[in-house]
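Coordinates as given in protein_7.cif (mmCIF, C-alpha atoms and all ligand atoms):
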data_target
loop_
_atom_site.label_atom_id
_atom_site.label_comp_id
_atom_site.auth_asym_id
_atom_site.auth_seq_id
_atom_site.Cartn_x
_atom_site.Cartn_y
_atom_site.Cartn_z
CA MET A 1 -20.12 13.27 -16.75
CA SER A 2 -18.94 9.92 -17.98
CA GLN A 3 -15.46 8.73 -17.00
CA GLN A 4 -15.09 5.23 -18.34
CA GLN A 5 -11.43 5.41 -19.36
CA SER A 6 -8.89 4.43 -16.75
CA GLN A 7 -7.55 8.00 -16.60
CA LEU A 8 -9.58 10.94 -15.28
CA THR A 9 -9.31 14.08 -17.41
CA PRO A 10 -7.98 17.41 -16.10
CA GLU A 11 -11.31 19.11 -16.88
CA TYR A 12 -13.16 16.56 -14.78
CA LEU A 13 -10.70 16.94 -11.88
CA ILE A 14 -11.28 20.71 -11.94
CA THR A 15 -15.04 20.16 -11.71
CA LEU A 16 -14.51 17.87 -8.74
CA GLY A 17 -12.22 20.45 -7.11
CA GLN A 18 -14.93 23.08 -7.56
CA GLN A 19 -17.71 20.81 -6.37
CA PHE A 20 -16.02 19.29 -3.30
CA GLY A 21 -13.36 21.91 -2.52
CA THR A 22 -9.63 21.44 -2.17
CA PRO A 23 -7.38 19.84 -1.09
CA LEU A 24 -9.15 16.74 -2.36
CA TYR A 25 -8.22 13.10 -2.86
CA VAL A 26 -9.97 11.53 -5.86
CA TYR A 27 -9.90 7.77 -6.54
CA HIS A 28 -10.96 6.11 -9.76
CA ALA A 29 -12.46 2.66 -9.25
CA GLU A 30 -11.97 1.51 -12.85
CA LYS A 31 -8.21 1.93 -12.54
CA ILE A 32 -8.16 -0.39 -9.52
CA ARG A 33 -10.15 -2.93 -11.51
CA GLU A 34 -7.73 -2.61 -14.44
CA GLN A 35 -4.71 -3.22 -12.19
CA TYR A 36 -6.35 -6.20 -10.50
CA ALA A 37 -7.21 -7.66 -13.91
CA LYS A 38 -3.52 -7.42 -14.94
CA LEU A 39 -2.66 -9.68 -12.02
CA THR A 40 -5.44 -12.22 -12.43
CA THR A 41 -4.95 -12.41 -16.19
CA ALA A 42 -1.21 -13.00 -15.96
CA PHE A 43 -1.64 -15.68 -13.28
CA ARG A 44 -4.84 -17.24 -14.64
CA ASP A 45 -3.19 -20.64 -15.24
CA SER A 46 -1.66 -20.94 -11.81
CA ASN A 47 -2.90 -21.39 -8.29
CA THR A 48 -2.32 -17.82 -7.12
CA VAL A 49 -4.27 -15.55 -4.81
CA PHE A 50 -3.87 -11.79 -4.33
CA PHE A 51 -4.27 -10.10 -0.98
CA TYR A 52 -4.70 -6.32 -1.24
CA ALA A 53 -2.20 -4.78 1.23
CA CYS A 54 -4.77 -2.35 2.52
CA LYS A 55 -2.48 -0.12 4.56
CA ALA A 56 -1.98 1.75 1.26
CA LEU A 57 -5.58 3.02 1.35
CA THR A 58 -8.21 1.84 3.82
CA ASN A 59 -11.27 3.93 3.06
CA ILE A 60 -14.12 1.50 3.68
CA ASN A 61 -15.51 2.06 0.18
CA ILE A 62 -12.15 1.12 -1.37
CA LEU A 63 -12.09 -2.04 0.77
CA LYS A 64 -15.62 -2.91 -0.36
CA TYR A 65 -14.71 -2.26 -3.98
CA VAL A 66 -11.58 -4.44 -3.80
CA HIS A 67 -13.71 -7.13 -2.16
CA SER A 68 -16.22 -6.90 -5.01
CA LEU A 69 -13.38 -7.55 -7.47
CA GLY A 70 -12.72 -10.89 -5.78
CA ALA A 71 -9.42 -10.11 -4.09
CA ASN A 72 -8.41 -11.08 -0.56
CA VAL A 73 -6.94 -8.59 1.89
CA ASP A 74 -3.67 -8.25 3.84
CA CYS A 75 -3.70 -6.21 7.04
CA SER A 76 -0.94 -4.70 9.12
CA SER A 77 -2.86 -3.95 12.31
CA ILE A 78 -5.78 -5.45 14.17
CA ASN A 79 -7.85 -2.38 13.28
CA GLU A 80 -7.25 -3.01 9.58
CA VAL A 81 -8.48 -6.56 10.25
CA ARG A 82 -11.63 -5.12 11.84
CA LEU A 83 -12.11 -2.74 8.90
CA ALA A 84 -11.69 -5.58 6.39
CA LEU A 85 -14.30 -7.69 8.19
CA HIS A 86 -16.57 -4.65 8.35
CA ALA A 87 -16.16 -4.24 4.59
CA GLY A 88 -17.46 -7.77 4.09
CA PHE A 89 -14.34 -9.89 3.62
CA PRO A 90 -14.93 -13.31 5.19
CA PRO A 91 -12.28 -14.12 7.85
CA GLU A 92 -10.65 -16.85 5.77
CA ARG A 93 -9.80 -14.23 3.14
CA VAL A 94 -8.23 -11.83 5.63
CA LEU A 95 -4.53 -12.11 6.36
CA TYR A 96 -2.92 -10.37 9.30
CA THR A 97 0.81 -10.00 8.63
CA SER A 98 1.97 -8.72 11.97
CA ASN A 99 5.22 -7.14 12.99
CA GLY A 100 6.26 -6.40 16.55
CA ILE A 101 2.70 -6.57 17.90
CA GLY A 102 1.51 -7.53 21.36
CA PHE A 103 0.26 -11.10 21.73
CA ASP A 104 -3.22 -9.79 22.62
CA GLU A 105 -3.67 -8.75 18.96
CA ILE A 106 -2.77 -12.24 17.81
CA GLU A 107 -5.33 -13.66 20.24
CA GLU A 108 -7.95 -11.31 18.86
CA ALA A 109 -7.06 -12.23 15.27
CA VAL A 110 -7.45 -15.92 16.14
CA SER A 111 -10.79 -15.30 17.81
CA LEU A 112 -11.92 -13.48 14.65
CA GLY A 113 -10.82 -16.47 12.59
CA VAL A 114 -8.41 -14.68 10.25
CA ILE A 115 -5.09 -15.97 8.92
CA VAL A 116 -2.08 -14.83 10.95
CA ASN A 117 1.56 -14.41 9.94
CA ILE A 118 3.88 -14.21 12.94
CA ASP A 119 7.20 -12.40 12.66
CA SER A 120 9.08 -13.17 15.89
CA LEU A 121 10.22 -16.28 17.73
CA SER A 122 8.81 -14.74 20.89
CA ASN A 123 5.24 -14.49 19.57
CA LEU A 124 5.55 -17.84 17.82
CA GLU A 125 6.40 -19.47 21.15
CA LYS A 126 3.44 -17.76 22.87
CA PHE A 127 1.27 -18.94 19.99
CA GLY A 128 2.53 -22.49 20.40
CA LYS A 129 1.86 -22.49 24.14
CA LYS A 130 -1.68 -21.23 23.71
CA TYR A 131 -2.87 -22.87 20.49
CA GLY A 132 -0.46 -25.73 19.74
CA HIS A 133 -1.68 -27.54 16.62
CA THR A 134 -5.28 -26.28 16.93
CA TYR A 135 -4.90 -23.21 14.69
CA PRO A 136 -2.77 -23.00 11.53
CA VAL A 137 -0.25 -20.19 11.45
CA GLY A 138 2.12 -18.52 8.99
CA VAL A 139 5.68 -17.41 9.60
CA ARG A 140 7.13 -14.20 8.25
CA LEU A 141 10.77 -14.74 7.32
CA ARG A 142 13.47 -12.20 6.62
CA PRO A 143 15.22 -13.43 3.49
CA ASN A 144 18.26 -11.10 3.78
CA ILE A 145 17.68 -9.71 0.28
CA MET A 146 18.23 -6.01 -0.42
CA ALA A 147 15.55 -4.75 -2.79
CA GLY A 148 13.18 -1.86 -3.30
CA GLY A 149 13.15 1.85 -4.05
CA ASN A 150 15.28 2.94 -1.08
CA LEU A 151 16.35 1.80 2.39
CA LYS A 152 13.26 3.27 4.08
CA ILE A 153 10.98 1.04 2.02
CA SER A 154 13.18 -2.07 2.00
CA THR A 155 12.16 -4.69 4.51
CA GLY A 156 13.97 -7.91 3.62
CA HIS A 157 17.61 -6.92 4.06
CA ASP A 158 19.91 -8.16 6.81
CA LYS A 159 19.51 -5.11 9.05
CA SER A 160 15.74 -4.98 8.80
CA LYS A 161 13.49 -5.44 11.83
CA PHE A 162 10.93 -7.37 9.78
CA GLY A 163 10.49 -11.12 9.99
CA ILE A 164 12.48 -13.94 11.53
CA PRO A 165 15.92 -14.12 9.86
CA VAL A 166 16.12 -17.23 7.64
CA ASP A 167 19.30 -18.25 9.44
CA GLN A 168 17.17 -18.82 12.56
CA VAL A 169 15.00 -21.42 10.87
CA ASP A 170 16.26 -24.14 13.24
CA LYS A 171 14.80 -22.20 16.13
CA ILE A 172 11.45 -22.07 14.31
CA LEU A 173 11.62 -25.82 13.76
CA ASP A 174 12.34 -26.37 17.47
CA LEU A 175 9.13 -24.49 18.31
CA VAL A 176 7.23 -26.50 15.68
CA ASP A 177 8.42 -29.72 17.33
CA ARG A 178 7.81 -28.59 20.85
CA TYR A 179 4.27 -27.25 20.31
CA HIS A 180 3.21 -29.27 17.23
CA LEU A 181 2.65 -26.01 15.36
CA ARG A 182 0.83 -26.26 12.04
CA ILE A 183 2.86 -23.92 9.83
CA ALA A 184 0.54 -23.36 6.87
CA ASP A 185 2.41 -20.59 5.08
CA LEU A 186 5.86 -19.11 4.76
CA HIS A 187 5.91 -15.39 4.06
CA ILE A 188 8.51 -12.97 2.78
CA HIS A 189 8.09 -9.33 1.81
CA THR A 190 11.27 -7.68 0.63
CA GLY A 191 10.19 -4.08 0.11
CA SER A 192 8.36 -1.66 -2.12
CA GLU A 193 8.85 -0.51 -5.73
CA ILE A 194 10.58 -3.68 -6.87
CA LYS A 195 10.74 -3.65 -10.65
CA ASP A 196 13.13 -6.56 -11.08
CA VAL A 197 11.01 -9.74 -11.10
CA ASP A 198 14.12 -11.78 -10.32
CA VAL A 199 13.93 -10.46 -6.76
CA PHE A 200 10.71 -12.46 -6.35
CA VAL A 201 12.31 -15.50 -7.96
CA GLN A 202 15.25 -15.15 -5.54
CA GLY A 203 12.70 -15.15 -2.72
CA ILE A 204 11.12 -18.34 -4.05
CA GLU A 205 14.53 -20.02 -4.27
CA ILE A 206 15.18 -19.22 -0.62
CA LEU A 207 11.78 -20.62 0.34
CA PHE A 208 12.27 -23.76 -1.76
CA ASP A 209 15.18 -24.75 0.46
CA LEU A 210 12.91 -24.50 3.49
CA ILE A 211 9.71 -26.05 2.14
CA PRO A 212 10.70 -29.68 2.84
CA LYS A 213 11.21 -28.82 6.51
CA PHE A 214 7.56 -27.78 6.97
CA LYS A 215 5.28 -30.77 6.59
CA GLU A 216 1.94 -28.96 6.82
CA LEU A 217 2.74 -26.17 4.40
CA GLN A 218 -0.05 -25.13 2.02
CA PHE A 219 0.85 -21.62 0.92
CA ILE A 220 3.86 -19.59 -0.09
CA ASP A 221 3.41 -15.86 0.42
CA LEU A 222 5.76 -13.67 -1.61
CA GLY A 223 4.54 -10.34 -0.26
CA GLY A 224 3.96 -7.15 -2.24
CA GLY A 225 6.11 -4.37 -3.58
CA PHE A 226 5.29 -4.35 -7.31
CA LYS A 227 6.45 -1.15 -8.92
CA VAL A 228 4.20 1.27 -10.75
CA PRO A 229 5.40 4.25 -12.82
CA TYR A 230 5.56 7.56 -10.94
CA LYS A 231 7.42 9.56 -13.58
CA ASP A 232 7.72 9.42 -17.35
CA GLY A 233 10.09 6.66 -18.33
CA ASP A 234 9.49 4.70 -15.10
CA GLY A 235 8.52 1.12 -15.76
CA GLU A 236 6.04 -1.12 -14.04
CA THR A 237 6.86 -4.58 -12.68
CA ASN A 238 6.27 -6.88 -15.66
CA ILE A 239 3.53 -9.07 -14.24
CA THR A 240 3.39 -11.40 -17.24
CA GLU A 241 7.11 -12.09 -16.93
CA LEU A 242 6.71 -12.55 -13.19
CA ALA A 243 3.94 -15.11 -13.72
CA GLN A 244 6.08 -17.04 -16.21
CA LYS A 245 9.12 -17.05 -13.96
CA VAL A 246 7.14 -18.09 -10.91
CA GLN A 247 5.58 -20.95 -12.88
CA THR A 248 8.97 -22.04 -14.19
CA ALA A 249 10.46 -21.95 -10.71
CA PHE A 250 7.68 -24.17 -9.41
CA ALA A 251 7.98 -26.54 -12.36
CA ASN A 252 11.68 -26.91 -11.55
CA HIS A 253 11.03 -27.60 -7.87
CA PRO A 254 8.15 -30.01 -7.49
CA ASN A 255 7.13 -29.92 -3.86
CA PRO A 256 8.75 -32.93 -2.21
CA GLY A 257 5.63 -33.46 -0.12
CA GLY A 258 3.68 -33.78 -3.35
CA ARG A 259 1.09 -31.26 -2.23
CA PRO A 260 0.47 -28.41 -4.64
CA LEU A 261 1.33 -25.13 -2.93
CA GLN A 262 -0.75 -22.05 -3.54
CA VAL A 263 1.17 -18.81 -4.14
CA TRP A 264 0.10 -15.57 -2.52
CA PHE A 265 1.02 -11.97 -3.33
CA GLU A 266 0.18 -8.82 -1.38
CA PRO A 267 0.03 -5.86 -3.77
CA GLY A 268 -0.64 -2.46 -2.23
CA LYS A 269 0.69 0.30 -4.46
CA PHE A 270 0.15 -1.75 -7.58
CA LEU A 271 -3.59 -1.76 -7.04
CA VAL A 272 -4.25 1.74 -5.76
CA SER A 273 -1.37 4.12 -6.54
CA GLU A 274 -2.45 5.23 -10.00
CA CYS A 275 -6.15 5.35 -9.19
CA GLY A 276 -5.51 8.40 -7.00
CA TYR A 277 -5.33 12.12 -7.80
CA PHE A 278 -4.61 14.78 -5.22
CA VAL A 279 -6.18 18.07 -6.27
CA THR A 280 -4.85 21.25 -4.68
CA LYS A 281 -5.24 24.96 -5.31
CA VAL A 282 -2.51 27.60 -5.54
CA ASN A 283 -2.67 30.07 -2.65
CA VAL A 284 0.40 32.22 -3.25
CA MET A 285 3.12 32.78 -5.85
CA LYS A 286 6.45 34.03 -4.52
CA GLU A 287 9.48 35.14 -6.57
CA THR A 288 12.87 34.78 -4.89
CA ASP A 289 16.46 34.59 -6.10
CA ALA A 290 16.56 30.86 -5.43
CA ALA A 291 13.24 29.81 -6.87
CA THR A 292 9.74 30.73 -7.88
CA PHE A 293 7.64 29.25 -5.12
CA VAL A 294 4.14 27.95 -5.68
CA SER A 295 2.35 27.51 -2.33
CA VAL A 296 -0.61 25.17 -2.53
CA ASP A 297 -3.36 24.69 0.05
CA SER A 298 -1.74 21.53 1.41
CA GLY A 299 1.54 20.26 2.83
CA PHE A 300 3.22 17.10 4.08
CA ASN A 301 0.34 16.85 6.52
CA HIS A 302 -1.66 15.61 3.51
CA LEU A 303 0.95 13.99 1.26
CA ILE A 304 4.11 13.06 3.11
CA ARG A 305 5.82 10.86 0.52
CA PRO A 306 7.97 13.59 -1.11
CA MET A 307 9.43 14.74 2.21
CA PHE A 308 9.55 11.31 3.85
CA TYR A 309 10.84 9.14 1.01
CA ASP A 310 12.10 11.73 -1.49
CA ALA A 311 9.27 10.38 -3.61
CA TYR A 312 8.55 11.90 -6.99
CA HIS A 313 4.92 12.74 -7.77
CA ARG A 314 4.08 14.10 -11.19
CA ILE A 315 2.43 17.53 -10.79
CA GLU A 316 0.35 19.18 -13.47
CA ASN A 317 -1.28 22.60 -13.69
CA ILE A 318 -4.69 21.45 -14.87
CA SER A 319 -5.99 25.04 -14.98
CA ASN A 320 -3.48 26.13 -17.63
CA PRO A 321 -2.62 23.13 -19.81
CA THR A 322 -1.32 25.34 -22.63
CA GLY A 323 0.67 27.72 -20.42
CA ILE A 324 4.37 28.11 -21.15
CA PRO A 325 6.32 25.67 -18.95
CA LYS A 326 8.57 27.26 -16.33
CA ARG A 327 10.56 26.03 -13.36
CA TYR A 328 8.74 26.15 -10.04
CA SER A 329 9.28 24.91 -6.55
CA VAL A 330 6.00 23.56 -5.29
CA VAL A 331 5.61 23.86 -1.54
CA GLY A 332 2.88 23.61 1.07
CA ASN A 333 1.39 26.01 3.59
CA ILE A 334 2.44 24.44 6.86
CA CYS A 335 5.07 25.84 9.23
CA GLU A 336 7.76 23.37 8.32
CA THR A 337 9.75 22.85 5.16
CA ASP A 338 7.38 20.86 3.01
CA THR A 339 8.70 20.78 -0.52
CA PHE A 340 6.68 18.72 -2.97
CA ALA A 341 8.96 19.44 -5.94
CA TRP A 342 12.04 21.58 -6.51
CA HIS A 343 12.68 23.37 -9.83
CA ARG A 344 10.03 21.37 -11.60
CA MET A 345 8.89 22.31 -15.13
CA ILE A 346 5.16 23.07 -14.93
CA ASN A 347 2.88 25.00 -17.27
CA GLU A 348 2.72 28.62 -16.16
CA VAL A 349 1.16 28.81 -12.70
CA ARG A 350 -1.08 31.61 -11.43
CA GLU A 351 -2.73 32.08 -8.03
CA GLY A 352 -6.03 30.18 -7.95
CA ASP A 353 -4.90 27.49 -10.39
CA TYR A 354 -5.58 23.84 -9.62
CA LEU A 355 -2.50 21.63 -9.39
CA VAL A 356 -2.97 17.88 -9.44
CA PHE A 357 -0.55 15.33 -7.97
CA TYR A 358 -0.64 11.95 -9.68
CA ASN A 359 -0.14 8.49 -8.11
CA ALA A 360 -1.84 9.76 -4.98
CA GLY A 361 -3.89 6.66 -4.17
CA ALA A 362 -1.31 4.70 -2.18
CA TYR A 363 0.10 6.04 1.12
CA GLY A 364 -1.41 9.48 0.42
CA PHE A 365 -4.48 10.13 2.53
CA GLU A 366 -3.51 7.11 4.58
CA MET A 367 -0.39 8.82 5.94
CA SER A 368 -2.04 12.23 6.41
CA SER A 369 -2.31 13.99 9.75
CA ASN A 370 -3.78 17.05 11.42
CA PHE A 371 -0.36 18.71 11.86
CA ASN A 372 -0.72 22.49 12.28
CA SER A 373 -4.33 21.77 13.28
CA ARG A 374 -5.30 21.67 9.65
CA TYR A 375 -8.11 19.51 8.39
CA LYS A 376 -7.53 16.23 6.66
CA PRO A 377 -8.70 16.39 3.03
CA ALA A 378 -11.99 15.03 1.74
CA GLU A 379 -12.01 11.86 -0.39
CA VAL A 380 -14.09 11.20 -3.49
CA LEU A 381 -14.59 7.89 -5.32
CA VAL A 382 -15.42 7.98 -9.03
CA LYS A 383 -17.21 4.79 -9.99
CA ASP A 384 -19.33 4.00 -13.05
CA GLY A 385 -19.01 7.63 -14.11
CA GLN A 386 -20.36 8.99 -10.82
CA ALA A 387 -18.44 10.93 -8.18
CA HIS A 388 -19.25 9.99 -4.58
CA LEU A 389 -18.01 11.79 -1.49
CA ILE A 390 -16.57 8.96 0.64
CA ARG A 391 -15.08 11.04 3.44
CA ARG A 392 -16.06 14.54 4.31
CA ARG A 393 -13.38 17.09 5.08
CA ASP A 394 -12.66 17.53 8.79
CA LYS A 395 -14.58 20.22 10.63
CA PHE A 396 -13.38 22.33 13.53
CA GLU A 397 -15.15 19.99 16.01
CA ASP A 398 -13.04 17.12 14.71
CA LEU A 399 -9.90 18.81 16.02
CA LEU A 400 -11.34 18.85 19.54
CA ARG A 401 -13.23 15.56 19.36
CA ASN A 402 -11.00 13.41 21.57
CA GLN A 403 -9.63 16.14 23.72
CA ILE A 404 -10.70 16.52 27.32
CA GLU A 405 -10.96 20.17 28.31
CA LEU A 406 -10.16 20.66 32.00
C1 LIG B 501 3.28 -2.73 2.87
C2 LIG B 501 3.20 -4.18 2.66
C3 LIG B 501 2.81 -4.68 1.40
C4 LIG B 501 2.50 -3.81 0.22
O1 LIG B 501 3.58 -3.12 -0.28
P1 LIG B 501 3.38 -2.26 -1.64
O2 LIG B 501 4.72 -1.69 -1.90
O3 LIG B 501 2.36 -1.22 -1.36
O4 LIG B 501 2.93 -3.23 -2.67
C5 LIG B 501 2.68 -6.05 1.28
N1 LIG B 501 2.95 -6.89 2.30
C6 LIG B 501 3.33 -6.44 3.52
C7 LIG B 501 3.58 -7.40 4.60
C8 LIG B 501 3.48 -5.08 3.72
O5 LIG B 501 3.88 -4.64 4.93
#
Can the structure in the file be given as structure tokens, please?
Amino acid sequence: MSQQQSQLTPEYLITLGQQFGTPLYVYHAEKIREQYAKLTTAFRDSNTVFFYACKALTNINILKYVHSLGANVDCSSINEVRLALHAGFPPERVLYTSNGIGFDEIEEAVSLGVIVNIDSLSNLEKFGKKYGHTYPVGVRLRPNIMAGGNLKISTGHDKSKFGIPVDQVDKILDLVDRYHLRIADLHIHTGSEIKDVDVFVQGIEILFDLIPKFKELQFIDLGGGFKVPYKDGDGETNITELAQKVQTAFANHPNPGGRPLQVWFEPGKFLVSECGYFVTKVNVMKETDAATFVSVDSGFNHLIRPMFYDAYHRIENISNPTGIPKRYSVVGNICETDTFAWHRMINEVREGDYLVFYNAGAYGFEMSSNFNSRYKPAEVLVKDGQAHLIRRRDKFEDLLRNQIEL
């Protein structure tokens, strides 16, 4: 079956559910390519590089596909660094933006030759002592900007643990002097689901004040957090407008050192949210005074965003597209309250129907667990019209694999 459009059809998702079983994560490669093209097209006239923030979805086949598109990669743990290298990214295109990590991981990242962003004075000092000017390093700053979908996904505000607060820049400069550090990039990441492009411009303005203080600077890293639509009427970060505003900001602030600075972004959700579909099957219908419950063969063990972030995922009954819409509360099957949606209008639901959750590519499978000793779902990649199983569903042995029976 050919699937060349950027949206997979309900009929096709049902076939995949039947072929591979449910619950099932399905990713559509062409949608990732389309999103990446939006970025590169908008920024084609400027010196900008995109690092896929891979914590959103790290299946090795997704990493390889993003690599094939020409993107770089941003990692948030040393294991993501190892996965990125395994997927074929050369070390100079791998960025490790650390937070609160042990210095041993920084040493490993240096030995692997990847780019490192350090987010504490403590680790920066250890870095200085060990490497001095021999290895360039980036600094993650906390700009004290409040932005993003909600507090749990905001990282740049003045109570956030992330980054070195900009008001401590003198302490950074002391370390630069003392250890002759080569600060190659300044990084800020203010949060997720930022629709207002002016937040990024605000970030640039803060960095512009600091740029003259860092003589060896080559890159400015503005982080990720571009918004994509989750529900009807939601907008997407206007990338064209962002590109224009970033270019204008740079035109207004020629780098005093005269060196052209390259701009980096780290999109996660923007690249992989909409490529993903989570296909589930209805186990049980239950009428109560409070609600009509639809229990699907999943739970927050597979998709935690609704319970964790109050996130909205569009849910469609793909088995009954012409059914009369009614209000349902869609819940899971684990022994814990795991509400996916409360009083949501959905086409009439019957036991055995397939329900699909949209925007399931980013932070879906990646945040799944084996809670209740249930299996993690299988993952399928649709590419060039072909569906490929890229992770088999857990088996019973997987639950015991690392346990040591006494
Ligand atoms: C999570 C993260 C991103 C990506 O955020 P999205 O909202 O998925 O775009 C980018 N940079 C850093 C440092 C991150 O931690």
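Using all atoms listed in the file as the basis for the distance check, residues found within 6 Å of ligand LIG 501 (chain B) are A:Ala53, A:Ala56, A:Thr97, A:His189, A:Ser192, A:Glu193, A:Gly223, A:Gly224, A:Gly225, A:Phe226, A:Glu266, A:Pro267, A:Gly268, A:Lys269, A:Phe270.
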With C-alpha atoms kept, could you save the residues just selected as a compact mmCIF listing (two decimals), in the coordinates of the input?
# COMPACT_ATOMS: atom_id res chain seq x y z
CA ALA A 53 -2.20 -4.78 1.23
CA ALA A 56 -1.98 1.75 1.26
CA THR A 97 0.81 -10.00 8.63
CA HIS A 189 8.09 -9.33 1.81
CA SER A 192 8.36 -1.66 -2.12
CA GLU A 193 8.85 -0.51 -5.73
CA GLY A 223 4.54 -10.34 -0.26
CA GLY A 224 3.96 -7.15 -2.24
CA GLY A 225 6.11 -4.37 -3.58
CA PHE A 226 5.29 -4.35 -7.31
CA GLU A 266 0.18 -8.82 -1.38
CA PRO A 267 0.03 -5.86 -3.77
CA GLY A 268 -0.64 -2.46 -2.23
CA LYS A 269 0.69 0.30 -4.46
CA PHE A 270 0.15 -1.75 -7.58
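Among A:His157, A:Lys231, A:Lys195, A:His133, the residue with the shortest atom-to-atom distance to Asp177 of chain A, counting only C-alpha atoms, is A:His133.
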Problem - Pairwise distance for atom CA of Val228 of chain A and atom CA of Thr240 of chain A, rounded to one decimal in Å - result: 14.3 Å
Residues of segment 232-330 of chain A at most 12 Å from segment 357-361 of chain A: nearest atom pair and distance in Å, only C-alpha atoms, as JSON lines:
{"residue": "A:Asp232", "atom": "CA", "partner": "A:Tyr358", "partner_atom": "CA", "distance": 11.6}
{"residue": "A:Gly268", "atom": "CA", "partner": "A:Gly361", "partner_atom": "CA", "distance": 9.9}
{"residue": "A:Lys269", "atom": "CA", "partner": "A:Gly361", "partner_atom": "CA", "distance": 7.8}
{"residue": "A:Phe270", "atom": "CA", "partner": "A:Gly361", "partner_atom": "CA", "distance": 9.9}
{"residue": "A:Leu271", "atom": "CA", "partner": "A:Gly361", "partner_atom": "CA", "distance": 8.9}
{"residue": "A:Val272", "atom": "CA", "partner": "A:Gly361", "partner_atom": "CA", "distance": 5.2}
{"residue": "A:Ser273", "atom": "CA", "partner": "A:Gly361", "partner_atom": "CA", "distance": 4.3}
{"residue": "A:Glu274", "atom": "CA", "partner": "A:Asn359", "partner_atom": "CA", "distance": 4.4}
{"residue": "A:Cys275", "atom": "CA", "partner": "A:Gly361", "partner_atom": "CA", "distance": 5.7}
{"residue": "A:Gly276", "atom": "CA", "partner": "A:Gly361", "partner_atom": "CA", "distance": 3.7}
{"residue": "A:Tyr277", "atom": "CA", "partner": "A:Tyr358", "partner_atom": "CA", "distance": 5.1}
{"residue": "A:Phe278", "atom": "CA", "partner": "A:Phe357", "partner_atom": "CA", "distance": 4.9}
{"residue": "A:Val279", "atom": "CA", "partner": "A:Phe357", "partner_atom": "CA", "distance": 6.5}
{"residue": "A:Thr280", "atom": "CA", "partner": "A:Phe357", "partner_atom": "CA", "distance": 8.0}
{"residue": "A:Lys281", "atom": "CA", "partner": "A:Phe357", "partner_atom": "CA", "distance": 11.0}
{"residue": "A:Val296", "atom": "CA", "partner": "A:Phe357", "partner_atom": "CA", "distance": 11.2}
{"residue": "A:Ser298", "atom": "CA", "partner": "A:Phe357", "partner_atom": "CA", "distance": 11.3}
{"residue": "A:His302", "atom": "CA", "partner": "A:Ala360", "partner_atom": "CA", "distance": 10.3}
{"residue": "A:Leu303", "atom": "CA", "partner": "A:Ala360", "partner_atom": "CA", "distance": 8.0}
{"residue": "A:Ile304", "atom": "CA", "partner": "A:Ala360", "partner_atom": "CA", "distance": 10.6}
{"residue": "A:Arg305", "atom": "CA", "partner": "A:Ala360", "partner_atom": "CA", "distance": 9.5}
{"residue": "A:Pro306", "atom": "CA", "partner": "A:Phe357", "partner_atom": "CA", "distance": 11.1}
{"residue": "A:Ala311", "atom": "CA", "partner": "A:Asn359", "partner_atom": "CA", "distance": 10.6}
{"residue": "A:Tyr312", "atom": "CA", "partner": "A:Asn359", "partner_atom": "CA", "distance": 9.4}
{"residue": "A:His313", "atom": "CA", "partner": "A:Tyr358", "partner_atom": "CA", "distance": 5.9}
{"residue": "A:Arg314", "atom": "CA", "partner": "A:Tyr358", "partner_atom": "CA", "distance": 5.4}
{"residue": "A:Ile315", "atom": "CA", "partner": "A:Phe357", "partner_atom": "CA", "distance": 4.7}
{"residue": "A:Glu316", "atom": "CA", "partner": "A:Phe357", "partner_atom": "CA", "distance": 6.8}
{"residue": "A:Asn317", "atom": "CA", "partner": "A:Phe357", "partner_atom": "CA", "distance": 9.3}
{"residue": "A:Ile318", "atom": "CA", "partner": "A:Phe357", "partner_atom": "CA", "distance": 10.1}
{"residue": "A:Val330", "atom": "CA", "partner": "A:Phe357", "partner_atom": "CA", "distance": 10.9}
Practice task
Would you mind listing what lies within 12 Å of Glu336 of chain A as a list in words, with all atoms listed in the file counted and same-chain residues fewer than 4 positions away left out?
Solution key: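 Near Glu336 of chain A, the qualifying residues are Ser298, Gly299, Phe300, Asn301, Met307, Val331, Gly332, Phe371 and Asn372 of chain A.
Using only C-alpha atoms, the protein and nucleic acid residues lying no more than 9 Å from segment 196-208 of chain A, apart from those fewer than 3 places from it along its own chain, are Pro143, Ile145, Met146, Ala147, Val166, Leu186, His187, Ile188, His189, Thr190, Ile211, Pro212, Ile220, Leu222, Gly223, Phe226, Lys227, Thr237, Asn238, Ile239, Glu241, Leu242, Lys245, Val246, Ala249, Phe250, His253 and Asn255 of chain A.
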Fill in the blank from the handout: In Å and to one decimal, atom CA of Pro321 of chain A is distant from atom CA of Ala291 of chain A by 21.5 Å
Exercise for the section: Tell me, as a list in words, which residues lie within 12 Å of Asn123 of chain A, counting all atoms listed in the file; anything in the same chain fewer than 6 positions away does not count. Expected result: Ser98, Asn99, Gly100, Ile101, Gly102, Phe103, Asp104, Glu105, Ile106, Glu107, Val116, Asn117, Lys129, Lys130, Tyr131, Val137, Gly138, Val139, Arg140, Gly163, Ile164, Ile172 and Leu175 of chain A
Handout entry: Nearest to Val49 of chain A by atom-to-atom distance, counting all atoms listed in the file, from A:Leu95, A:Met367, A:Ala87, A:Ile404
Key =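 Counting all atoms listed in the file, the residue closest to Val49 of chain A is A:Leu95.
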Please produce, as a Markdown table, a per-residue contact table for segment 333-377 of chain A versus segment 11-29 of chain A (criterion: any atom at most 9 Å away, all atoms listed in the file considered), showing the nearest atom pair and its distance in Å to one decimal, sorted by chain then residue number.
| residue | atom | partner | partner_atom | distance |
| --- | --- | --- | --- | --- |
| A:Tyr354 | CA | A:Ile14 | CA | 6.9 |
| A:Val356 | CA | A:Leu13 | CA | 8.2 |
| A:Ala360 | CA | A:Tyr25 | CA | 7.5 |
| A:Gly361 | CA | A:Tyr27 | CA | 6.6 |
| A:Gly364 | CA | A:Tyr25 | CA | 8.4 |
| A:Phe365 | CA | A:Tyr25 | CA | 7.2 |
| A:Lys376 | CA | A:Pro23 | CA | 8.6 |
| A:Pro377 | CA | A:Leu24 | CA | 5.4 |
